[in-house]
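Asker: Next comes upload-v2.tsv, TSV, C-alpha atoms:
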chain	number	residue	atom	x	y	z
A	1109	MET	CA	164.43	90.96	71.08
A	1110	LYS	CA	162.16	87.99	71.80
A	1111	LYS	CA	162.88	88.30	75.54
A	1112	LEU	CA	162.01	92.02	75.43
A	1113	LEU	CA	158.61	91.32	73.76
A	1114	ILE	CA	157.77	88.66	76.38
A	1115	ALA	CA	158.63	91.09	79.18
A	1116	LEU	CA	156.39	93.79	77.67
A	1117	LEU	CA	153.49	91.31	77.37
A	1118	PHE	CA	153.78	90.44	81.05
A	1119	LEU	CA	153.80	94.12	82.01
A	1120	VAL	CA	150.58	94.73	80.08
A	1121	ALA	CA	148.77	91.50	80.96
A	1122	GLY	CA	149.76	91.53	84.63
A	1123	PRO	CA	147.78	94.64	85.65
A	1124	ALA	CA	144.82	93.60	83.49
A	1125	TYR	CA	144.65	90.19	85.20
A	1126	SER	CA	144.92	91.75	88.64
A	1127	GLN	CA	142.12	94.26	87.90
A	1128	ALA	CA	139.81	91.47	86.71
A	1129	VAL	CA	140.31	89.52	89.94
A	1130	ASP	CA	139.63	92.61	92.08
A	1131	SER	CA	136.39	93.45	90.24
A	1132	VAL	CA	135.02	89.96	90.80
A	1133	THR	CA	135.78	89.93	94.50
A	1134	GLN	CA	134.49	93.47	95.19
A	1135	ALA	CA	131.22	93.35	93.18
A	1136	PRO	CA	129.03	91.74	95.89
A	1137	PHE	CA	129.92	94.53	98.32
A	1138	ALA	CA	129.15	97.41	95.97
A	1139	ALA	CA	126.65	99.87	97.41
A	1140	LYS	CA	123.15	99.88	95.90
A	1141	LYS	CA	122.02	102.91	93.95
A	1142	TRP	CA	119.40	105.06	95.70
A	1143	PHE	CA	116.56	103.87	93.45
A	1144	GLU	CA	117.33	100.21	94.24
A	1145	THR	CA	116.62	100.58	97.96
A	1146	PHE	CA	112.86	101.19	97.82
A	1147	ALA	CA	109.65	100.36	95.93
A	1148	ILE	CA	106.29	102.05	95.35
A	1149	ARG	CA	102.80	100.59	95.46
A	1150	GLY	CA	99.33	101.84	96.34
A	1151	TYR	CA	95.57	101.65	95.91
A	1152	VAL	CA	92.53	103.85	95.22
A	1153	GLN	CA	88.94	103.34	96.44
A	1154	ALA	CA	85.88	105.04	94.90
A	1155	ARG	CA	82.47	104.67	96.59
A	1156	TYR	CA	78.78	105.42	96.19
A	1157	ASN	CA	76.40	104.95	99.15
A	1158	ARG	CA	73.02	106.35	98.07
A	1159	LEU	CA	71.42	103.37	96.27
A	1160	LEU	CA	68.23	102.07	97.96
A	1161	GLU	CA	68.79	104.55	100.78
A	1162	THR	CA	65.83	104.79	103.20
A	1163	ASN	CA	67.07	107.51	105.59
A	1164	SER	CA	69.31	110.37	104.47
A	1165	LYS	CA	69.95	111.38	108.12
A	1166	LEU	CA	71.65	108.05	108.85
A	1167	SER	CA	75.39	108.71	108.88
A	1168	CYS	CA	78.70	107.66	110.40
A	1169	GLU	CA	81.38	110.34	110.63
A	1170	GLN	CA	84.21	107.97	111.44
A	1171	CYS	CA	83.13	105.30	108.93
A	1172	ASP	CA	82.57	107.23	105.70
A	1173	ARG	CA	81.78	110.95	105.36
A	1174	SER	CA	79.80	110.34	102.15
A	1175	TRP	CA	77.04	108.50	104.03
A	1176	GLY	CA	73.67	110.28	104.01
A	1177	ASP	CA	72.46	113.65	102.76
A	1178	LYS	CA	74.52	115.22	99.96
A	1179	GLY	CA	76.80	112.20	99.81
A	1180	GLY	CA	77.79	111.58	96.22
A	1181	ILE	CA	80.48	109.63	94.43
A	1182	PHE	CA	83.41	109.74	96.81
A	1183	LEU	CA	87.12	108.93	96.86
A	1184	ARG	CA	87.48	107.06	100.15
A	1185	ARG	CA	91.21	106.45	99.83
A	1186	ALA	CA	93.97	107.36	97.35
A	1187	ARG	CA	97.26	106.13	98.77
A	1188	LEU	CA	100.85	105.84	97.64
A	1189	ILE	CA	103.19	103.68	99.68
A	1190	PHE	CA	106.97	104.14	99.62
A	1191	TYR	CA	108.90	101.38	101.36
A	1192	GLY	CA	112.24	99.63	101.26
A	1193	GLN	CA	115.11	97.86	102.97
A	1194	LEU	CA	117.82	100.50	103.28
A	1195	HIS	CA	120.10	98.12	105.18
A	1196	GLU	CA	119.78	94.52	106.34
A	1197	ARG	CA	118.70	95.95	109.70
A	1198	LEU	CA	116.83	99.08	108.61
A	1199	TYR	CA	113.42	99.21	106.88
A	1200	PHE	CA	111.30	102.29	106.16
A	1201	TYR	CA	107.62	102.85	105.26
A	1202	ILE	CA	105.91	106.10	104.28
A	1203	GLN	CA	102.24	106.29	103.28
A	1204	PRO	CA	100.43	109.55	102.42
A	1205	ASP	CA	96.71	109.60	101.60
A	1206	PHE	CA	95.38	112.07	99.01
A	1207	ALA	CA	91.67	111.51	99.76
A	1208	SER	CA	91.57	113.07	103.22
A	1209	SER	CA	89.38	115.91	104.48
A	1210	VAL	CA	90.23	118.71	106.89
A	1211	SER	CA	88.02	119.30	109.92
A	1212	GLY	CA	85.85	122.39	109.48
A	1213	SER	CA	86.43	122.56	105.72
A	1214	THR	CA	84.01	121.69	102.92
A	1215	SER	CA	86.89	120.80	100.60
A	1216	LEU	CA	88.00	117.21	99.97
A	1217	ASN	CA	91.06	115.31	98.81
A	1218	PHE	CA	93.80	116.94	100.84
A	1219	GLY	CA	97.14	115.17	101.20
A	1220	GLN	CA	97.65	113.82	104.73
A	1221	LEU	CA	100.27	111.59	106.30
A	1222	ARG	CA	99.10	108.15	107.38
A	1223	ASP	CA	102.36	106.29	108.11
A	1224	ALA	CA	105.96	107.42	108.44
A	1225	TYR	CA	108.11	105.00	110.39
A	1226	PHE	CA	111.27	102.92	110.29
A	1227	ASP	CA	112.04	99.50	111.75
A	1228	VAL	CA	115.43	98.78	113.30
A	1229	SER	CA	116.14	95.04	113.58
A	1230	LEU	CA	118.00	94.02	116.72
A	1231	ASP	CA	119.14	90.73	115.18
A	1232	LYS	CA	120.07	89.61	111.65
A	1233	ALA	CA	116.91	87.53	111.25
A	1234	GLY	CA	114.69	90.50	112.10
A	1235	GLN	CA	112.82	88.64	114.83
A	1236	TYR	CA	113.17	91.60	117.19
A	1237	ARG	CA	112.29	95.00	115.72
A	1238	ILE	CA	111.94	98.48	117.14
A	1239	ARG	CA	109.47	100.67	115.24
A	1240	LEU	CA	109.71	104.47	115.55
A	1241	GLY	CA	107.41	107.08	114.03
A	1242	GLN	CA	103.74	107.33	113.08
A	1243	SER	CA	102.23	103.90	112.57
A	1244	LYS	CA	99.29	101.68	113.50
A	1245	ILE	CA	98.84	101.06	117.21
A	1246	PRO	CA	98.86	97.29	117.93
A	1247	TYR	CA	95.29	97.04	119.17
A	1248	GLY	CA	92.75	94.77	117.45
A	1249	PHE	CA	93.00	92.49	114.42
A	1250	GLU	CA	90.65	94.55	112.23
A	1251	ASN	CA	92.50	97.76	113.11
A	1252	MET	CA	95.76	96.15	112.00
A	1253	GLN	CA	94.21	94.76	108.81
A	1254	SER	CA	94.68	97.06	105.82
A	1255	SER	CA	91.54	98.51	104.25
A	1256	GLN	CA	93.05	97.22	101.00
A	1257	ASN	CA	92.38	93.67	102.27
A	1258	ARG	CA	89.36	94.06	104.56
A	1259	LEU	CA	85.98	92.68	103.38
A	1260	PRO	CA	83.46	95.16	104.96
A	1261	LEU	CA	83.88	98.69	103.65
A	1262	ASP	CA	84.51	100.17	107.10
A	1263	ARG	CA	85.96	98.94	110.36
A	1264	SER	CA	83.57	98.20	113.21
A	1265	ASP	CA	82.62	101.06	115.54
A	1266	ALA	CA	83.42	98.97	118.63
A	1267	LEU	CA	87.15	98.45	117.93
A	1268	ASN	CA	87.85	101.40	115.66
A	1269	SER	CA	86.44	103.92	118.16
A	1270	ALA	CA	89.61	103.30	120.16
A	1271	LEU	CA	91.87	105.02	117.63
A	1272	SER	CA	90.90	107.39	114.85
A	1273	ASN	CA	92.74	106.27	111.68
A	1274	GLU	CA	94.24	103.46	113.83
A	1275	ARG	CA	97.53	105.38	114.13
A	1276	ASP	CA	99.61	107.60	116.39
A	1277	LEU	CA	103.20	108.65	117.03
A	1278	GLY	CA	105.07	106.17	119.18
A	1279	ALA	CA	107.81	103.63	119.75
A	1280	PHE	CA	107.11	99.87	119.68
A	1281	LEU	CA	108.97	96.61	120.11
A	1282	TYR	CA	107.77	93.69	117.96
A	1283	TRP	CA	108.87	90.07	118.24
A	1284	ALA	CA	108.04	86.97	116.21
A	1285	PRO	CA	110.07	83.91	115.11
A	1286	THR	CA	111.01	83.81	111.43
A	1287	ALA	CA	108.52	81.03	110.66
A	1288	VAL	CA	105.66	83.03	112.16
A	1289	ARG	CA	106.70	86.19	110.29
A	1290	GLN	CA	106.60	84.20	107.05
A	1291	ARG	CA	103.13	82.92	107.99
A	1292	PHE	CA	101.87	86.47	108.56
A	1293	SER	CA	103.14	87.40	105.10
A	1294	ARG	CA	101.50	84.41	103.38
A	1295	LEU	CA	98.13	85.13	105.00
A	1296	VAL	CA	98.07	88.40	103.05
A	1297	LYS	CA	99.71	87.24	99.80
A	1298	ASP	CA	97.51	84.12	99.52
A	1299	GLY	CA	94.29	86.15	99.67
A	1300	LEU	CA	93.27	85.02	103.17
A	1301	LYS	CA	92.71	88.59	104.40
A	1302	GLY	CA	95.50	88.63	106.98
A	1303	SER	CA	96.42	91.57	109.18
A	1304	GLY	CA	100.08	91.80	108.19
A	1305	ASP	CA	103.16	91.37	110.35
A	1306	TYR	CA	102.85	93.20	113.67
A	1307	GLY	CA	104.67	90.49	115.57
A	1308	MET	CA	103.47	87.75	117.86
A	1309	VAL	CA	104.17	90.17	120.71
A	1310	GLY	CA	103.97	93.93	120.44
A	1311	VAL	CA	104.52	96.45	123.25
A	1312	GLY	CA	105.05	100.18	123.16
A	1313	ALA	CA	104.23	103.75	124.10
A	1314	PHE	CA	102.42	106.38	122.03
A	1315	ASN	CA	101.11	109.93	122.45
A	1316	GLY	CA	97.45	108.95	122.74
A	1317	GLN	CA	95.83	111.83	120.82
A	1318	THR	CA	95.65	109.79	117.55
A	1319	ALA	CA	97.38	110.46	114.22
A	1320	ASN	CA	98.18	113.95	112.94
A	1321	ARG	CA	97.07	115.61	116.17
A	1322	PRO	CA	99.36	117.40	118.65
A	1323	GLU	CA	100.15	115.94	122.06
A	1324	LEU	CA	98.11	117.70	124.76
A	1325	ASN	CA	99.57	116.29	127.97
A	1326	ASN	CA	102.88	114.98	129.24
A	1327	GLN	CA	101.79	111.36	129.55
A	1328	ARG	CA	102.16	108.46	127.14
A	1329	HIS	CA	99.65	105.71	126.45
A	1330	ILE	CA	100.97	102.16	126.96
A	1331	VAL	CA	99.83	99.25	124.75
A	1332	GLY	CA	100.48	95.50	124.59
A	1333	ARG	CA	99.31	92.81	122.17
A	1334	PHE	CA	99.78	89.06	121.78
A	1335	THR	CA	98.57	87.05	118.78
A	1336	TYR	CA	99.54	83.70	117.28
A	1337	PRO	CA	98.44	82.10	113.97
A	1338	LEU	CA	98.07	78.38	114.75
A	1339	VAL	CA	98.12	75.77	111.99
A	1340	VAL	CA	95.47	73.13	112.80
A	1341	GLY	CA	95.34	70.56	110.02
A	1342	ARG	CA	94.41	72.48	106.88
A	1343	GLN	CA	93.12	75.47	108.85
A	1344	ILE	CA	94.83	78.48	110.39
A	1345	ILE	CA	93.37	79.92	113.60
A	1346	GLU	CA	94.63	83.14	115.18
A	1347	PRO	CA	93.57	84.08	118.73
A	1348	GLY	CA	94.72	87.37	120.19
A	1349	LEU	CA	94.64	89.58	123.28
A	1350	GLN	CA	95.43	93.29	123.49
A	1351	ALA	CA	95.06	96.24	125.88
A	1352	TYR	CA	96.07	99.86	126.32
A	1353	THR	CA	95.86	102.52	129.02
A	1354	GLY	CA	96.43	106.26	129.22
A	1355	ASP	CA	94.77	109.68	129.61
A	1356	TYR	CA	93.08	111.33	126.63
A	1357	VAL	CA	92.69	115.11	126.43
A	1358	VAL	CA	89.59	116.35	124.60
A	1359	ALA	CA	90.73	119.18	122.30
A	1360	LYS	CA	89.05	122.56	122.83
A	1361	GLU	CA	88.03	122.76	119.18
A	1362	GLN	CA	86.01	119.54	119.70
A	1363	LEU	CA	83.79	121.22	122.33
A	1364	SER	CA	80.40	122.80	121.70
A	1365	ALA	CA	79.69	126.12	123.41
A	1366	GLY	CA	77.92	125.31	126.68
A	1367	VAL	CA	78.96	121.69	127.10
A	1368	LYS	CA	80.27	120.80	130.58
A	1369	SER	CA	83.61	119.09	131.05
A	1370	ARG	CA	86.56	118.67	133.37
A	1371	LYS	CA	88.73	121.76	133.72
A	1372	ASP	CA	91.82	120.00	132.37
A	1373	LEU	CA	89.76	118.16	129.69
A	1374	SER	CA	91.66	114.97	130.62
A	1375	TYR	CA	89.90	111.60	130.91
A	1376	PRO	CA	91.01	108.01	131.54
A	1377	ASP	CA	91.25	106.04	128.28
A	1378	GLN	CA	91.54	102.29	128.86
A	1379	ARG	CA	90.53	99.20	126.88
A	1380	VAL	CA	91.09	95.46	126.62
A	1381	ALA	CA	90.04	93.30	123.66
A	1382	ALA	CA	89.98	89.66	122.57
A	1383	SER	CA	90.19	88.46	118.95
A	1384	PHE	CA	89.50	85.16	117.19
A	1385	ILE	CA	90.12	84.52	113.49
A	1386	LEU	CA	89.52	81.38	111.45
A	1387	TYR	CA	90.97	82.19	108.04
A	1388	PRO	CA	88.66	81.50	105.03
A	1389	GLN	CA	89.79	78.10	103.71
A	1390	PRO	CA	87.12	78.27	102.39
A	1391	PHE	CA	84.87	79.18	105.37
A	1392	GLY	CA	86.07	81.95	107.66
A	1393	VAL	CA	85.10	83.46	111.02
A	1394	GLN	CA	86.39	86.73	112.47
A	1395	ALA	CA	85.23	88.00	115.86
A	1396	GLU	CA	86.42	90.66	118.30
A	1397	TYR	CA	85.07	92.21	121.48
A	1398	ASN	CA	86.40	94.98	123.70
A	1399	VAL	CA	85.49	96.60	127.01
A	1400	GLY	CA	86.85	99.67	128.74
A	1401	ARG	CA	86.14	103.24	129.76
A	1402	GLY	CA	86.70	106.68	128.31
A	1403	PRO	CA	85.19	110.12	127.76
A	1404	GLU	CA	81.55	110.13	126.59
A	1405	PHE	CA	78.87	112.80	126.32
A	1406	ASN	CA	76.01	112.34	128.80
A	1407	PRO	CA	72.80	113.86	127.33
A	1408	ARG	CA	71.10	113.86	130.74
A	1409	THR	CA	73.67	116.22	132.26
A	1410	ASP	CA	74.99	117.95	129.08
A	1411	SER	CA	78.50	117.01	130.16
A	1412	ILE	CA	81.45	114.89	129.09
A	1413	GLU	CA	82.04	112.19	131.68
A	1414	THR	CA	84.16	109.07	132.13
A	1415	GLN	CA	81.86	106.17	131.26
A	1416	GLY	CA	82.12	102.48	130.47
A	1417	LEU	CA	82.05	101.15	126.91
A	1418	HIS	CA	81.71	97.74	125.31
A	1419	GLY	CA	81.01	96.13	121.96
A	1420	GLY	CA	82.27	93.94	119.17
A	1421	TYR	CA	81.42	92.16	115.94
A	1422	VAL	CA	81.25	88.78	114.23
A	1423	LEU	CA	82.17	88.39	110.55
A	1424	LEU	CA	81.36	85.24	108.57
A	1425	SER	CA	82.95	84.80	105.13
A	1426	TYR	CA	83.49	82.27	102.37
A	1427	ARG	CA	86.15	82.13	99.69
A	1428	LEU	CA	85.27	80.93	96.17
A	1429	ARG	CA	87.76	80.68	93.32
A	1430	TYR	CA	86.97	80.31	89.63
A	1431	LYS	CA	90.03	80.29	87.35
A	1432	GLN	CA	91.77	83.62	88.15
A	1433	GLN	CA	88.71	85.16	89.80
A	1434	GLN	CA	87.94	85.24	93.52
A	1435	PHE	CA	84.60	85.77	95.29
A	1436	TYR	CA	84.13	86.53	98.99
A	1437	PRO	CA	80.51	86.59	100.21
A	1438	PHE	CA	80.34	87.87	103.82
A	1439	LEU	CA	78.00	88.78	106.65
A	1440	ARG	CA	78.92	91.00	109.60
A	1441	VAL	CA	76.88	91.97	112.66
A	1442	GLN	CA	78.17	94.52	115.17
A	1443	TYR	CA	77.19	96.24	118.40
A	1444	TYR	CA	78.74	99.18	120.27
A	1445	ASP	CA	77.69	101.20	123.31
A	1446	GLY	CA	80.09	103.95	124.30
A	1447	GLY	CA	81.73	107.22	123.35
A	1448	LYS	CA	83.95	108.32	120.48
A	1449	LYS	CA	86.57	110.48	122.12
A	1450	HIS	CA	87.84	112.10	118.92
A	1451	GLU	CA	84.41	113.35	117.75
A	1452	ARG	CA	82.53	116.46	118.90
A	1453	ASP	CA	81.86	116.44	122.66
A	1454	ALA	CA	83.09	112.81	122.80
A	1455	ARG	CA	79.85	111.88	121.03
A	1456	SER	CA	77.77	109.11	122.64
A	1457	TYR	CA	76.84	106.07	120.52
A	1458	THR	CA	74.66	103.00	120.55
A	1459	VAL	CA	75.10	101.02	117.33
A	1460	ARG	CA	73.34	97.90	116.08
A	1461	GLU	CA	74.18	96.97	112.52
A	1462	ALA	CA	74.10	94.09	110.03
A	1463	GLU	CA	75.92	94.04	106.68
A	1464	LEU	CA	75.61	91.51	103.86
A	1465	GLY	CA	78.07	91.81	101.01
A	1466	LEU	CA	80.16	90.32	98.23
A	1467	GLU	CA	83.69	91.13	97.13
A	1468	TRP	CA	84.63	90.17	93.56
A	1469	GLN	CA	88.21	90.12	92.30
A	1470	PRO	CA	88.25	89.41	88.54
A	1471	PHE	CA	92.03	89.95	88.64
A	1472	SER	CA	94.50	91.01	91.32
A	1473	SER	CA	94.61	94.72	90.45
A	1474	PHE	CA	90.83	95.30	90.60
A	1475	GLU	CA	88.12	94.64	93.20
A	1476	LEU	CA	84.41	95.43	93.35
A	1477	VAL	CA	82.36	95.29	96.58
A	1478	ALA	CA	78.59	95.51	96.93
A	1479	MET	CA	77.27	95.61	100.50
A	1480	TYR	CA	73.78	96.16	101.91
A	1481	THR	CA	73.68	97.73	105.36
A	1482	LEU	CA	70.83	97.70	107.89
A	1483	SER	CA	71.65	100.09	110.70
A	1484	SER	CA	70.25	101.53	113.92
A	1485	ARG	CA	72.42	104.32	115.31
A	1486	ARG	CA	71.95	106.60	118.28
A	1487	PHE	CA	74.58	109.33	118.23
A	1488	GLU	CA	74.25	112.35	120.50
A	1489	ASP	CA	76.33	115.36	121.47
A	1490	PHE	CA	75.49	118.80	122.90
A	1491	GLN	CA	74.14	119.95	119.51
A	1492	LEU	CA	72.49	116.65	118.53
A	1493	SER	CA	70.00	115.69	121.23
A	1494	ASP	CA	67.65	112.71	121.16
A	1495	ASN	CA	69.14	111.65	117.82
A	1496	LYS	CA	68.40	108.07	116.77
A	1497	GLN	CA	68.43	107.06	113.11
A	1498	ARG	CA	67.47	103.82	111.41
A	1499	GLY	CA	67.68	102.79	107.80
A	1500	GLY	CA	69.17	100.71	105.05
A	1501	LEU	CA	71.37	101.43	102.05
A	1502	LEU	CA	73.27	99.65	99.31
A	1503	ARG	CA	76.96	100.59	99.21
A	1504	LEU	CA	79.32	100.12	96.27
A	1505	GLN	CA	83.09	100.36	96.09
A	1506	ALA	CA	85.58	99.92	93.26
A	1507	GLN	CA	89.24	99.48	94.17
A	1508	ILE	CA	92.37	99.37	92.07
A	1509	ASN	CA	95.66	98.01	93.37
A	1510	PHE	CA	99.03	98.86	91.88
Step by step, read the file and then write its structure as structure tokens.
Answerer:
Amino acid sequence: MKKLLIALLFLVAGPAYSQAVDSVTQAPFAAKKWFETFAIRGYVQARYNRLLETNSKLSCEQCDRSWGDKGGIFLRRARLIFYGQLHERLYFYIQPDFASSVSGSTSLNFGQLRDAYFDVSLDKAGQYRIRLGQSKIPYGFENMQSSQNRLPLDRSDALNSALSNERDLGAFLYWAPTAVRQRFSRLVKDGLKGSGDYGMVGVGAFNGQTANRPELNNQRHIVGRFTYPLVVGRQIIEPGLQAYTGDYVVAKEQLSAGVKSRKDLSYPDQRVAASFILYPQPFGVQAEYNVGRGPEFNPRTDSIETQGLHGGYVLLSYRLRYKQQQFYPFLRVQYYDGGKKHERDARSYTVREAELGLEWQPFSSFELVAMYTLSSRRFEDFQLSDNKQRGGLLRLQAQINF
């Protein structure tokens, strides 16, 4: 009887022991649930630009559509970001914006896609990545820098005129050693206003018509960028070089009736730029300059022609910290002479502008920016002739981060 009981105990305990061992060894390889593979974050920006305004005709279509006459309280951005590591070698990023406007419509706050891409790592460390989809084109430090982190309320005309919304559909190869990738990440997380991780080297091809616009020819734009954040004592300095080339097709809906243009509406679109950044520890300097050629309206001939362009900016900043609060006083001056290919008739510009501002972060999820702008802008197309506006205005922005 005793032997029978012992045998029964072994029969019951044996399978239980075996199952416990299997569960321990298999647990690390269990697949993640769908909601464990991604995260959500975002930010919202609300602006008002009419305080101390001296000229209601002064405006900047690409900068901020609430500049000037009838500009009221305005949602500049309202973005949700979905991102995650689906596999050790596969990362995805999707960012819609719900504060967009549609060309030709008086309505605001339409949903529009900003980013939708995935990164495929070619090695386990993720030093080599291929990015496919709609994303930022690796051209310019300020263009790469998120508006969530940037000090001035808008990007400079000189660099940003290259790419409306900084994005397009394309395929890119990025490379950076692990240590440099970690440095890119810290420059953002530590409040130093970094640009994010777009590799030390980035090369690729993209459509060339800018984001959310159809391709209008059978040629790709080619782009290349090199940048390296150097640690020099207690400072971090990041020089960079970038260039792109391609043919841009002016869309028919961009043309005024009567304006002259090439029959195929295709124009060379080429630029090269240099960048220099001294991160604010506590004093910072950010400077960029680009030269090139592209389509531009010529008011003397009422035609869109291939013309040269050049311009850049210098941004001086200082970082002050008091307990949990952060203050960033800044001054930026910029100059640009050239066309904006994505505006009506490839509108011609000459911009001279100075901006003095202060960003205050009482805590990480809230920011307030006050910035006074002195601007001289000549912007002409077939419908706007001999149009030069000067003035000043105080601009305010509140931003929440979540």
Asker: Interatomic distance between CA of Asp1453 in chain A and CA of Asp1265 in chain A?
Answerer: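 So the answer is 17.0 Å.
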Asker: Which residues come within 10 Å of Phe1435 in chain A, counting all atoms listed in the file, excluding same-chain residues fewer than 4 positions away, as number ranges by chain?
Answerer: A: 1426-1430, 1466-1470, 1475-1477
Asker: Quick one: distance from CA of Leu1183 in chain A to CA of Leu1216 in chain A in Å, one decimal?
Answerer: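 Between these atoms lies a distance of 8.9 Å.
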Asker: Using all atoms listed in the file, which protein or nucleic acid residues come within 10 Å of Asn1406 in chain A? Drop anything in the same chain fewer than 6 positions from it, and give the result as a list in words.
Answerer: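 Selected residues are Val1367, Lys1368, Ile1412, Glu1413, Thr1414, Gln1415, Gly1447, Asp1453, Ala1454, Arg1455, Ser1456, Glu1488, Asp1489 and Phe1490 of chain A.
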Asker: What's around Leu1166 in chain A at 7 Å? Count all atoms listed in the file, leave out sequence neighbours fewer than 5 positions away in its own chain, and write the answer as a compact mmCIF listing (two decimals) with C-alpha atoms, keeping the file's coordinate frame.
Answerer:
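Writing done, so here's selection.txt:
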# COMPACT_ATOMS: atom_id res chain seq x y z
CA GLY A 1176 73.67 110.28 104.01
CA GLN A 1497 68.43 107.06 113.11
CA ARG A 1498 67.47 103.82 111.41
CA GLY A 1499 67.68 102.79 107.80
Asker: What are the closest atom pairs, with distances in Å to one decimal, for each residue of range 1373-1407 of chain A lying within 8 Å of range 1239-1249 of chain A, using only C-alpha atoms, rows by chain and rising residue number, as a Markdown table?
Answerer:
| residue | atom | partner | partner_atom | distance |
| --- | --- | --- | --- | --- |
| A:Ala1381 | CA | A:Gly1248 | CA | 6.9 |
| A:Ala1382 | CA | A:Gly1248 | CA | 7.7 |
| A:Ser1383 | CA | A:Phe1249 | CA | 6.7 |
| A:Glu1396 | CA | A:Gly1248 | CA | 7.6 |
Asker: If I take CA of Phe1206 in chain A and CA of Asp1223 in chain A, how far is one from the other in Å, to one decimal?
Answerer: 12.8 Å
Asker: Near Arg1185 in chain A, counting all atoms listed in the file, which residues have an atom at most 10 Å away, once you skip same-chain residues fewer than 3 positions from it, shown as a short mmCIF file (atom, residue, chain, number, x, y, z; two decimals) with C-alpha atoms, keeping the file's coordinate frame?
Answerer:
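Okay, part.cif is ready:
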data_model
loop_
_atom_site.label_atom_id
_atom_site.label_comp_id
_atom_site.auth_asym_id
_atom_site.auth_seq_id
_atom_site.Cartn_x
_atom_site.Cartn_y
_atom_site.Cartn_z
CA GLY A 1150 99.33 101.84 96.34
CA TYR A 1151 95.57 101.65 95.91
CA VAL A 1152 92.53 103.85 95.22
CA GLN A 1153 88.94 103.34 96.44
CA ALA A 1154 85.88 105.04 94.90
CA ARG A 1155 82.47 104.67 96.59
CA PHE A 1182 83.41 109.74 96.81
CA LEU A 1188 100.85 105.84 97.64
CA ASP A 1205 96.71 109.60 101.60
CA PHE A 1206 95.38 112.07 99.01
CA ALA A 1207 91.67 111.51 99.76
CA SER A 1208 91.57 113.07 103.22
CA ASN A 1217 91.06 115.31 98.81
CA SER A 1255 91.54 98.51 104.25
CA GLN A 1256 93.05 97.22 101.00
CA GLN A 1507 89.24 99.48 94.17
#
Asker: With a distance cut-off of 7 Å and only C-alpha atoms, select the neighbouring residues of His1329 in chain A, excluding the residue or stretch itself and same-chain residues fewer than 4 positions from it, and output the selection as a list of chain:residue names.
Answerer: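 The residues that qualify are A:Ala1313, A:Phe1314, A:Asn1315, A:Gly1316, A:Tyr1352, A:Thr1353, A:Gly1354.
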Asker: What would the list of residues within 6 Å of (76.3, 108.1, 116.4) (file frame) look like as a VMD selection string, if all atoms listed in the file are what count?
Answerer: chain A and resid 1457 1485 to 1487
Asker: For each of A:Phe1384, A:Val1459, A:Leu1277, A:Asn1495, take the minimum atom-to-atom distance to Leu1338 in chain A, counting only C-alpha atoms, then give the residue where this is smallest.
Answerer: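 Result for the nearest residue to Leu1338 in chain A: A:Phe1384.
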Asker: Take range 1199-1210 of chain A, bring it up to N, CA and C atoms, and give me the output as a tab-separated table (two decimals), in the coordinates of the input.
Answerer:
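Output below, filename selection_19.tsv:
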chain	number	residue	atom	x	y	z
A	1199	TYR	N	114.52	99.20	107.84
A	1199	TYR	CA	113.42	99.21	106.88
A	1199	TYR	C	112.62	100.49	107.09
A	1200	PHE	N	112.12	101.10	106.01
A	1200	PHE	CA	111.30	102.29	106.16
A	1200	PHE	C	109.98	102.14	105.40
A	1201	TYR	N	108.96	102.93	105.84
A	1201	TYR	CA	107.62	102.85	105.26
A	1201	TYR	C	106.97	104.21	105.41
A	1202	ILE	N	106.58	104.80	104.29
A	1202	ILE	CA	105.91	106.10	104.28
A	1202	ILE	C	104.65	105.99	103.42
A	1203	GLN	N	103.50	106.39	103.99
A	1203	GLN	CA	102.24	106.29	103.28
A	1203	GLN	C	101.41	107.57	103.44
A	1204	PRO	N	101.37	108.43	102.41
A	1204	PRO	CA	100.43	109.55	102.42
A	1204	PRO	C	99.09	109.12	101.81
A	1205	ASP	N	98.04	109.83	102.18
A	1205	ASP	CA	96.71	109.60	101.60
A	1205	ASP	C	96.25	110.92	100.98
A	1206	PHE	N	95.78	110.87	99.73
A	1206	PHE	CA	95.38	112.07	99.01
A	1206	PHE	C	93.85	112.18	98.90
A	1207	ALA	N	93.13	111.43	99.74
A	1207	ALA	CA	91.67	111.51	99.76
A	1207	ALA	C	91.18	111.86	101.14
A	1208	SER	N	91.93	112.68	101.86
A	1208	SER	CA	91.57	113.07	103.22
A	1208	SER	C	90.78	114.37	103.20
A	1209	SER	N	90.10	114.65	104.30
A	1209	SER	CA	89.38	115.91	104.48
A	1209	SER	C	89.92	116.61	105.71
A	1210	VAL	N	89.76	117.91	105.76
A	1210	VAL	CA	90.23	118.71	106.89
A	1210	VAL	C	89.03	119.13	107.72
